[in-house]
Structures are given as structure tokens and as C-alpha cells.
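Beneath this line is the structure, given in C-alpha cells, with notes to follow.
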Amino acid sequence: MIKDLLHAHVLEVINSLSLSHDKEFIIEIPNNTEFGDYSTNAALVLCKENKIAPKALAEKMIKELKKNKAYKKVEIAGPGFINFYLAPGMYQQAFWEIYKLEEYGRSEYGNQEKVLLEFVSANPTGPLNIVSARAAAFGDTLFRIMNYTGYAPAREFYINDAGNQVDILAESLELRLRELHGEKIGDFPYEAYHGEYVKHLAQRLNALEGSRVFMLTEKDRMDHLKEFALSELLEMQRSSLEKFGVTFEGWVSEKTLRMEGVVEEVLSYLTEAECTYEKEDAIWFCSTKFGDDKDRVLMKSDGSITYFVPDLAYHLTKIQRGFTKLIDVFGPDHHGYVPRIRAAFRALNYDDTMLEIIFLQQVNLFESGERVKMSKRAGKIVTMDDLISVVGKDAARYFFIARKANAHLNFDLELAMKQNNENPVYYCQYAYARICSMMKKARKEKVYPKHFKKDMITKLNKTEELALIQKLADLPELLILISIHREPHRLATYLEELAGMLHRYYAKYQIVSAKSVDLTHARLMLMHTVKHVMGICFELMGISAPEKM
RNA sequence: GCGCCAGUAGCUCAGUAGGAUAGAGCAGCAGCCUUCUAAGCUGCGGGUCAGGGGUUCGAAUCCCUUCUGGCGUGCCA
């Protein structure tokens, strides 16, 4: 918000000097405090189009800028930067604006655009693993921040409850069930699901229905087993996600889509658009005409359809439901899939820029320095529930949120189990708890003001205090940038920086002191606001804000 | 082979509409608790931003190229 004021002022000066300004200049906070509180590259950026040397231009602008008394100092530096040193009054004014807002940082930037965020969408053939946990933390946090910045986002989980994998699941369950009834089944098939959870499912079904399933015909039995396994596993996934603080506005079932006939519809659309052909008894989509590197099968030679068709149908329903931005959060193994979906959008005359895919890179699991390969089929996975019970929801969410999407992520189990302060979430939460503790003390010593008033602010003039205010002032713009670039990890960085400033401030100054009540009031007002802003950040990340630790 | 993503301190990672002396946490070393919580603070050490070239006032960031790693390249999902 301070940046906006400065930007407007610089623009005003540019206009008053009748300079052309086709190129965009920026206001930034220099990483070295010697270069002022804020700085602009305006003279460097605009010198060419105005045919004037950068330093001369900067001097000219500074002369005008200095007419505003809100600056302590405005000076030229380096090749032509203009550095601003603000008088405390400007920070204090900004602080008052921040203090007054209940939902500080909320904006209407997104214009209520309907955005569909699809993430996790794991096969319902087993418990959710660490990779899904990463997707859940990422997608949910992005949802919260977009919502806060004026978009109208919705979270959705696509349930892959039809097709091959589910059949294999049912077969695996049947084998375990037979085992339970004393049948010798020999080696468990390689393709089948080996995880312990299948045994648990079998036990549960056995307890409920005994051997009744075996009376059914082959087809009825498979359908029954499928239905049972799916509902159990889906519920398991839903509850894991809920424990992780993630809920979805929608759960869309592939099976349901198929029953509604949407899939045939899509096939007919593609055929009408003359984008399909028959080859080797299969029906193909000529996706190469639309930018894919090979054509894709829609219907296999055995008459069944590929995964692609219902998934495309699903994406089209998103558009039909009025969403104008479709964001898919995918694992890295799906990137080869994107060109064909885009191709289909183009083939059907949809704007494929509506579709945006975010790739989360994989999570590499380590155990005592050794890379562990995970495989759902082989039953070797670290589940999301394991993760939550071992490191806790807050630490786990933070761990995933704090890293940008397209970076590989190394996860060391032993390290996580130590549950030490390796995870910076404690650093942030501790800062919050410390503020609460100060307030408690202030109340106990009866120096906590009934109301915070504007004139208290003038006592805030220490470098550290103004720096804290500057940091607070940065949040609204940051949240918008996070929404635009889909980079929730930057909020974690912000929170760590804010927490660090708080810790240093705390160590250097006595906040609560009965000897100087006015100063205490002013500082408590600052603490109150920092706490409030940190609370907003925690909420946006789905992490709890502890009153004490 | 082709395609996508990545390579920044001992480790895990920030920094990207190009900005000034590349940052943080952990680990290491040395200090700081009779005073608001030491899950904290202060200081020290630690770097050829994978290598090379280019673009320009200016590059970790943009372009080209080489190397290394991961993933993809199913009538699987």
C-alpha cells in the first residue's frame, strides 16, 4: 500500500514533467537498507524513450519529488536509481490504515472470476500417500489465497472409480477374502494391490457379510466387491484430507459421468468435428493436428474407452458449469498428458488458455540417507495419515507449502520423526505465541489499553518498528502476486521474515513496561496488529496459531 | 533419440515482469536466561548461483550450448 502511494507520486511527477512512459517502472524495497526505504528504477527505465541520460533524468525527477514533505530524503544512487527515505509519519499513517482493517489484505482483485482448482484426484485404490499430501497442501492454500483476493474458486476431486485399476482392486480384495476363508492362493499376483489395507478391507467385509459374496455370480460379485472397496477407500481418503484441513466443494465420479452419457457425447463431438478415425479396430483422435506429438486412442479395439475420454468429458463439464479458469494440479508423471487435452480443447473450439496445469514435482522419500522407492501396488507407501500422526498437521502442511511447486522435494522420514525445530513453522508459531504472552503480561499488570487510538502511533519511531510496519504494508500486494502466479510458497517466506523481525524486536526492546505506559500502549498496538496479520497468514495456510507453546 | 522439469552454502530451500555487496533455516564454532516463553537473540566461518558463450548501463533471473539428475515418450490411469 505504501508502494502504491509512491508509484502514484512518481507517475504524477512524470506527467508534470511531460515525460513519455511507455515502459513500466517499479517501486521496490531494496535489499540493502543503505539504499533507502523504497527505491525506483523509473529514471533507468524511461531514459531511452525520453532521450536523456539516466542520471540527469533522475535529478530532474528528484527535484519535483522533493516538493512532497512526506519524505525525509530523496536521492539519486548508482546508475540512476531514485531512493526514498520516508519520514516516520508516512509509516504511521499506513499503520493506522492496516490496524483499522479486520480482513487486512483482502481484495477484489480477482473480480469473482470462477476458478476451478482440481487437485489430489488420486485413484481410490488405496490410502493417500505423501505426494497427495503435497498436492492437498498446495491446492488448498492456493484456494484460500485466491478466495481472499477476490476470486471465486472451487476445489474439486475427480474420482477415478471406473476402469482397469478398480477391477484389479476388486480382484485383489476377492483374493484376500478367499485367503481369509482358508483358501490357498499361492503367490499374490504381481499386478494386484499388495498393501495391508486390502487385507483390512477383506476382514471388514467378512465381518459384515461372511461368505455371502461367494454365492453371487461372477459379475455381481465383482460389482459388489468394487462398490464396497471404493466406498471404504474413498471414505478413508476423505477423512485423511479432512484431518489435513482440506475439504472439497465437489467430488466428481468418473462412473457417474459415464452413466450420465457424457462420455458418448464427447466422442460424438469429436467425430462431428471430424477429428477421429478408425485404425486397427480402435478409434483414434488425430491430436497431432492440434499440437500433440502423436495421435491418441479414444476407444480400444476391445470396445472399452481410454482414461482420456471421460477425463476430457469431465473438463468440459467444468466449462459448462461456468468456470472460466481450470487449474489442474498434477504430478510430474502426467506432463505427457497435457498436449492431448489441449489438443482436444482446440479441436472442439474451446479456448485452451482457460486450461492451466501446475506440475508439482515429485517427493523423494529418504530413510537414513537412502532413497526409498514408493509403489502403491507393491504396498510400499508412506501414507498421509502416517505423516500427519508423526509430524502433525501444521508442520506437514508448512513443509509442503513452503516449497515452490516445480522443485523436487526431499523428504527424510527420520528427520521428520525427530519433530525438532528443523521445520520453520515452529519459528513462526513461536513468534505468535510470544505476542500472546506479552499481552497476557500487559493485562496482568494493567497496562493494556481499553482501546487503541490513533495518537498512540506517534510513539512508534524506532527503526525496527518502522520496518515491521513496512513489512505489514507489503502483504496485500504479495497476496495478489501469489494468486496471479499461483505461488503459495511465497506466503511462507513472508511469514518467516515477519516472525524473524518480531523475534529480533522482542529481543532488543522491552515491550511491556509499567514505567512508560504511553510507549507500552503504542507497542502493544503494534504487537496486536502483527499478531492479527500473522493470524491471517496462518489461516490462509491452514495452520493453527497457538496462544502458547 | 525426442519432450518436460530441475541444478544456488556441508544439508533443506528462498531469491525470476533483469537491478545495487546473492539470502534464510538447519548443521559447525563463540557468546547471551534473577527481567514480556532460550522452539529465541548476537557474532564468526561457509558460494566460480553446474560449465561455457551471448544480449545490455546491469544477468542467479532472458537467449544459445554442453554436462548432470528426475520424469515422460501404453489400445495404463
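Residue numbers start at 1 in each chain; chains themselves are named A, B, ... in the order of the C-alpha cells; ligands are numbered from 1 in the order shown.
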Check your understanding: Any idea which chain A residues end up within 8 Å of chain B if we count only C-alpha atoms (C1' of nucleotides), as an MDAnalysis selection string please?
Key -> chainID A and resid 41 78:79 123 164:165 282 297 299:301 306:307 332:336 361 403 406:408 410 421:422 424 426:427 430 434 437:438 441 493 503:504 507 510:512 549
Those same residues, written as a JSON list (two decimals), in the first residue's frame with C-alpha atoms?
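Here's the written file part-v4.json:
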[["chain", "number", "residue", "atom", "x", "y", "z"],
["A", 41, "ASN", "CA", 14.19, 2.36, -11.34],
["A", 78, "GLY", "CA", 24.19, 4.18, -8.60],
["A", 79, "PRO", "CA", 23.46, 4.37, -12.32],
["A", 123, "ASN", "CA", -7.02, -43.28, -7.64],
["A", 164, "ASN", "CA", -8.88, -51.14, -15.04],
["A", 165, "GLN", "CA", -7.36, -50.19, -11.74],
["A", 282, "ALA", "CA", -9.60, -48.83, -32.47],
["A", 297, "VAL", "CA", -6.65, -43.84, -28.85],
["A", 299, "MET", "CA", -11.74, -46.42, -27.92],
["A", 300, "LYS", "CA", -9.62, -49.52, -27.67],
["A", 301, "SER", "CA", -10.02, -52.46, -30.00],
["A", 306, "THR", "CA", -9.35, -44.94, -22.55],
["A", 307, "TYR", "CA", -8.89, -42.78, -19.47],
["A", 332, "PRO", "CA", 5.19, -34.86, -12.76],
["A", 333, "ASP", "CA", 4.33, -38.16, -14.39],
["A", 334, "HIS", "CA", 1.37, -36.57, -16.16],
["A", 335, "HIS", "CA", 3.13, -33.93, -18.18],
["A", 336, "GLY", "CA", 2.97, -36.03, -21.33],
["A", 361, "GLN", "CA", 7.43, -32.20, -8.78],
["A", 403, "ARG", "CA", 8.42, -25.08, -1.31],
["A", 406, "ASN", "CA", 8.24, -27.21, -9.57],
["A", 407, "ALA", "CA", 11.03, -28.12, -7.25],
["A", 408, "HIS", "CA", 11.78, -31.67, -6.29],
["A", 410, "ASN", "CA", 13.38, -34.37, -0.48],
["A", 421, "ASN", "CA", 12.75, -27.18, 15.10],
["A", 422, "GLU", "CA", 14.00, -28.22, 11.68],
["A", 424, "PRO", "CA", 10.38, -23.30, 10.47],
["A", 426, "TYR", "CA", 7.68, -23.56, 14.92],
["A", 427, "TYR", "CA", 9.70, -20.40, 14.44],
["A", 430, "TYR", "CA", 6.54, -19.23, 18.43],
["A", 434, "ARG", "CA", 5.27, -14.72, 22.23],
["A", 437, "SER", "CA", 2.42, -13.88, 26.16],
["A", 438, "MET", "CA", 3.29, -10.17, 26.13],
["A", 441, "LYS", "CA", 1.55, -9.84, 30.93],
["A", 493, "THR", "CA", 8.66, -16.90, 3.13],
["A", 503, "HIS", "CA", 11.83, -12.12, 17.40],
["A", 504, "ARG", "CA", 14.60, -9.57, 16.93],
["A", 507, "ALA", "CA", 14.95, -9.43, 22.00],
["A", 510, "GLN", "CA", 11.08, -4.29, 26.44],
["A", 511, "ILE", "CA", 7.53, -4.07, 25.14],
["A", 512, "VAL", "CA", 5.54, -4.13, 28.33],
["A", 549, "MET", "CA", 3.76, -23.23, 23.07]]
Check your understanding: Using the chain letters and numbers from this document, which residues of region 265-473 of chain A does DSSP assign to helix (DSSP H, G or I), as a PyMOL selection string?
Key -> chain A and resi 265-272+287-290+308-320+332-347+352-354+384-391+393-401+413-418+425-444+454-459+463-473
Any chance you could export the current selection's C-alpha atoms as an mmCIF file, in the first residue's frame?
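selection.cif was written with the following content:
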data_model
loop_
_atom_site.group_PDB
_atom_site.id
_atom_site.type_symbol
_atom_site.label_atom_id
_atom_site.label_comp_id
_atom_site.auth_asym_id
_atom_site.auth_seq_id
_atom_site.Cartn_x
_atom_site.Cartn_y
_atom_site.Cartn_z
ATOM 1 C CA GLU A 265 -21.348 -37.126 -26.031
ATOM 2 C CA VAL A 266 -17.688 -36.209 -26.129
ATOM 3 C CA LEU A 267 -16.976 -38.987 -28.596
ATOM 4 C CA SER A 268 -19.718 -37.728 -30.851
ATOM 5 C CA TYR A 269 -18.480 -34.144 -30.607
ATOM 6 C CA LEU A 270 -15.035 -35.212 -31.710
ATOM 7 C CA THR A 271 -16.478 -37.275 -34.525
ATOM 8 C CA GLU A 272 -18.675 -34.398 -35.678
ATOM 9 C CA SER A 287 -4.461 -34.875 -31.822
ATOM 10 C CA THR A 288 -1.305 -34.244 -33.850
ATOM 11 C CA LYS A 289 -3.327 -31.798 -35.920
ATOM 12 C CA PHE A 290 -3.699 -29.747 -32.764
ATOM 13 C CA PHE A 308 -8.609 -39.737 -21.680
ATOM 14 C CA VAL A 309 -12.241 -39.664 -22.835
ATOM 15 C CA PRO A 310 -14.084 -39.380 -19.519
ATOM 16 C CA ASP A 311 -11.405 -37.033 -18.253
ATOM 17 C CA LEU A 312 -11.969 -34.768 -21.233
ATOM 18 C CA ALA A 313 -15.704 -35.006 -20.637
ATOM 19 C CA TYR A 314 -15.091 -34.021 -17.045
ATOM 20 C CA HIS A 315 -13.122 -30.969 -18.115
ATOM 21 C CA LEU A 316 -15.903 -29.918 -20.438
ATOM 22 C CA THR A 317 -18.420 -30.106 -17.600
ATOM 23 C CA LYS A 318 -16.277 -27.631 -15.733
ATOM 24 C CA ILE A 319 -16.757 -25.154 -18.539
ATOM 25 C CA GLN A 320 -20.444 -25.911 -18.732
ATOM 26 C CA PRO A 332 5.195 -34.860 -12.757
ATOM 27 C CA ASP A 333 4.332 -38.159 -14.391
ATOM 28 C CA HIS A 334 1.373 -36.566 -16.160
ATOM 29 C CA HIS A 335 3.130 -33.929 -18.182
ATOM 30 C CA GLY A 336 2.970 -36.025 -21.335
ATOM 31 C CA TYR A 337 -0.788 -35.945 -20.959
ATOM 32 C CA VAL A 338 -1.238 -32.192 -21.298
ATOM 33 C CA PRO A 339 -0.790 -31.767 -25.076
ATOM 34 C CA ARG A 340 -3.651 -34.161 -25.823
ATOM 35 C CA ILE A 341 -6.077 -32.376 -23.516
ATOM 36 C CA ARG A 342 -5.133 -29.053 -25.032
ATOM 37 C CA ALA A 343 -5.479 -30.587 -28.469
ATOM 38 C CA ALA A 344 -8.990 -31.713 -27.623
ATOM 39 C CA PHE A 345 -9.924 -28.249 -26.415
ATOM 40 C CA ARG A 346 -8.762 -26.786 -29.703
ATOM 41 C CA ALA A 347 -10.447 -29.479 -31.733
ATOM 42 C CA ASP A 352 -7.327 -23.825 -24.410
ATOM 43 C CA THR A 353 -5.792 -20.937 -22.473
ATOM 44 C CA MET A 354 -8.584 -21.482 -19.959
ATOM 45 C CA MET A 384 -0.726 -39.160 4.506
ATOM 46 C CA ASP A 385 -2.091 -40.429 7.817
ATOM 47 C CA ASP A 386 1.371 -41.662 8.831
ATOM 48 C CA LEU A 387 2.719 -38.253 8.026
ATOM 49 C CA ILE A 388 0.097 -36.395 10.000
ATOM 50 C CA SER A 389 0.420 -38.620 13.031
ATOM 51 C CA VAL A 390 4.206 -38.408 13.014
ATOM 52 C CA VAL A 391 4.860 -34.729 12.348
ATOM 53 C CA LYS A 393 -0.828 -31.307 10.552
ATOM 54 C CA ASP A 394 0.815 -27.901 10.956
ATOM 55 C CA ALA A 395 4.380 -28.991 10.357
ATOM 56 C CA ALA A 396 3.372 -31.206 7.461
ATOM 57 C CA ARG A 397 1.327 -28.538 5.728
ATOM 58 C CA TYR A 398 4.033 -25.962 6.240
ATOM 59 C CA PHE A 399 6.691 -28.303 4.934
ATOM 60 C CA PHE A 400 4.827 -28.683 1.656
ATOM 61 C CA ILE A 401 3.571 -25.133 1.311
ATOM 62 C CA LEU A 413 11.454 -39.683 7.335
ATOM 63 C CA GLU A 414 13.881 -39.840 10.236
ATOM 64 C CA LEU A 415 14.306 -36.112 10.213
ATOM 65 C CA ALA A 416 10.572 -35.622 10.223
ATOM 66 C CA MET A 417 10.141 -38.023 13.095
ATOM 67 C CA LYS A 418 12.559 -36.081 15.249
ATOM 68 C CA VAL A 425 6.690 -23.488 11.254
ATOM 69 C CA TYR A 426 7.682 -23.561 14.920
ATOM 70 C CA TYR A 427 9.703 -20.402 14.443
ATOM 71 C CA CYS A 428 6.603 -18.649 13.105
ATOM 72 C CA GLN A 429 4.184 -20.080 15.617
ATOM 73 C CA TYR A 430 6.536 -19.231 18.431
ATOM 74 C CA ALA A 431 6.544 -15.588 17.403
ATOM 75 C CA TYR A 432 2.775 -15.591 17.557
ATOM 76 C CA ALA A 433 2.749 -17.254 20.966
ATOM 77 C CA ARG A 434 5.267 -14.721 22.232
ATOM 78 C CA ILE A 435 2.986 -11.848 21.333
ATOM 79 C CA CYS A 436 0.150 -13.517 23.196
ATOM 80 C CA SER A 437 2.418 -13.879 26.164
ATOM 81 C CA MET A 438 3.292 -10.166 26.130
ATOM 82 C CA MET A 439 -0.359 -9.279 26.024
ATOM 83 C CA LYS A 440 -1.095 -11.562 28.901
ATOM 84 C CA LYS A 441 1.546 -9.835 30.930
ATOM 85 C CA ALA A 442 0.263 -6.393 29.979
ATOM 86 C CA ARG A 443 -3.235 -7.317 31.102
ATOM 87 C CA LYS A 444 -1.919 -8.705 34.340
ATOM 88 C CA LYS A 454 -4.579 6.837 16.520
ATOM 89 C CA ASP A 455 -2.455 9.251 18.541
ATOM 90 C CA MET A 456 -0.661 6.353 20.230
ATOM 91 C CA ILE A 457 1.046 5.624 16.953
ATOM 92 C CA THR A 458 3.328 8.636 17.030
ATOM 93 C CA LYS A 459 5.422 6.857 19.673
ATOM 94 C CA THR A 463 13.920 1.557 13.028
ATOM 95 C CA GLU A 464 12.668 -1.902 13.941
ATOM 96 C CA GLU A 465 9.147 -0.620 14.466
ATOM 97 C CA LEU A 466 9.009 1.163 11.156
ATOM 98 C CA ALA A 467 10.489 -1.888 9.468
ATOM 99 C CA LEU A 468 7.742 -4.047 10.949
ATOM 100 C CA ILE A 469 5.142 -1.634 9.614
ATOM 101 C CA GLN A 470 6.801 -1.704 6.221
ATOM 102 C CA LYS A 471 6.570 -5.483 6.252
ATOM 103 C CA LEU A 472 2.913 -5.399 7.224
ATOM 104 C CA ALA A 473 2.226 -2.926 4.441
#
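Of note, C1' of C33 (chain B) and CA of Thr520 (chain A) are spaced 22.8 Å apart.
Using only C-alpha atoms, the shortest contact distance between Ile159 (chain A) and any of A:Leu208, A:Leu233, A:Ala133, A:Leu481 is found at A:Leu233.
Residues with any atom within 10 Å of Met541 (chain A), counting only C-alpha atoms (C1' of nucleotides) and excluding same-chain neighbours fewer than 6 positions away, are A:Ala137, A:Phe138, A:Asp140, A:Thr141, A:Leu142, A:Phe143, A:Arg144, A:Ile145, A:Gly245, A:Asp394, A:Arg397, A:Tyr398, A:Ile401, A:Ala402, A:Pro488, A:His489, A:Leu491, A:Ala492, A:Gly535.
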Exercise for review: Go ahead and compute the interatomic distance for CA of Glu174 (chain A) and CA of Phe188 (chain A), in Å to one decimal.
Suggested key: 11.6 Å
Review point. Counting only C-alpha atoms (C1' of nucleotides), what is within 10 Å of Ala56 (chain A), bar same-chain residues fewer than 2 positions away, as a PyMOL selection string?
Key: chain A and resi 43+47+52-54+58-62+76+80
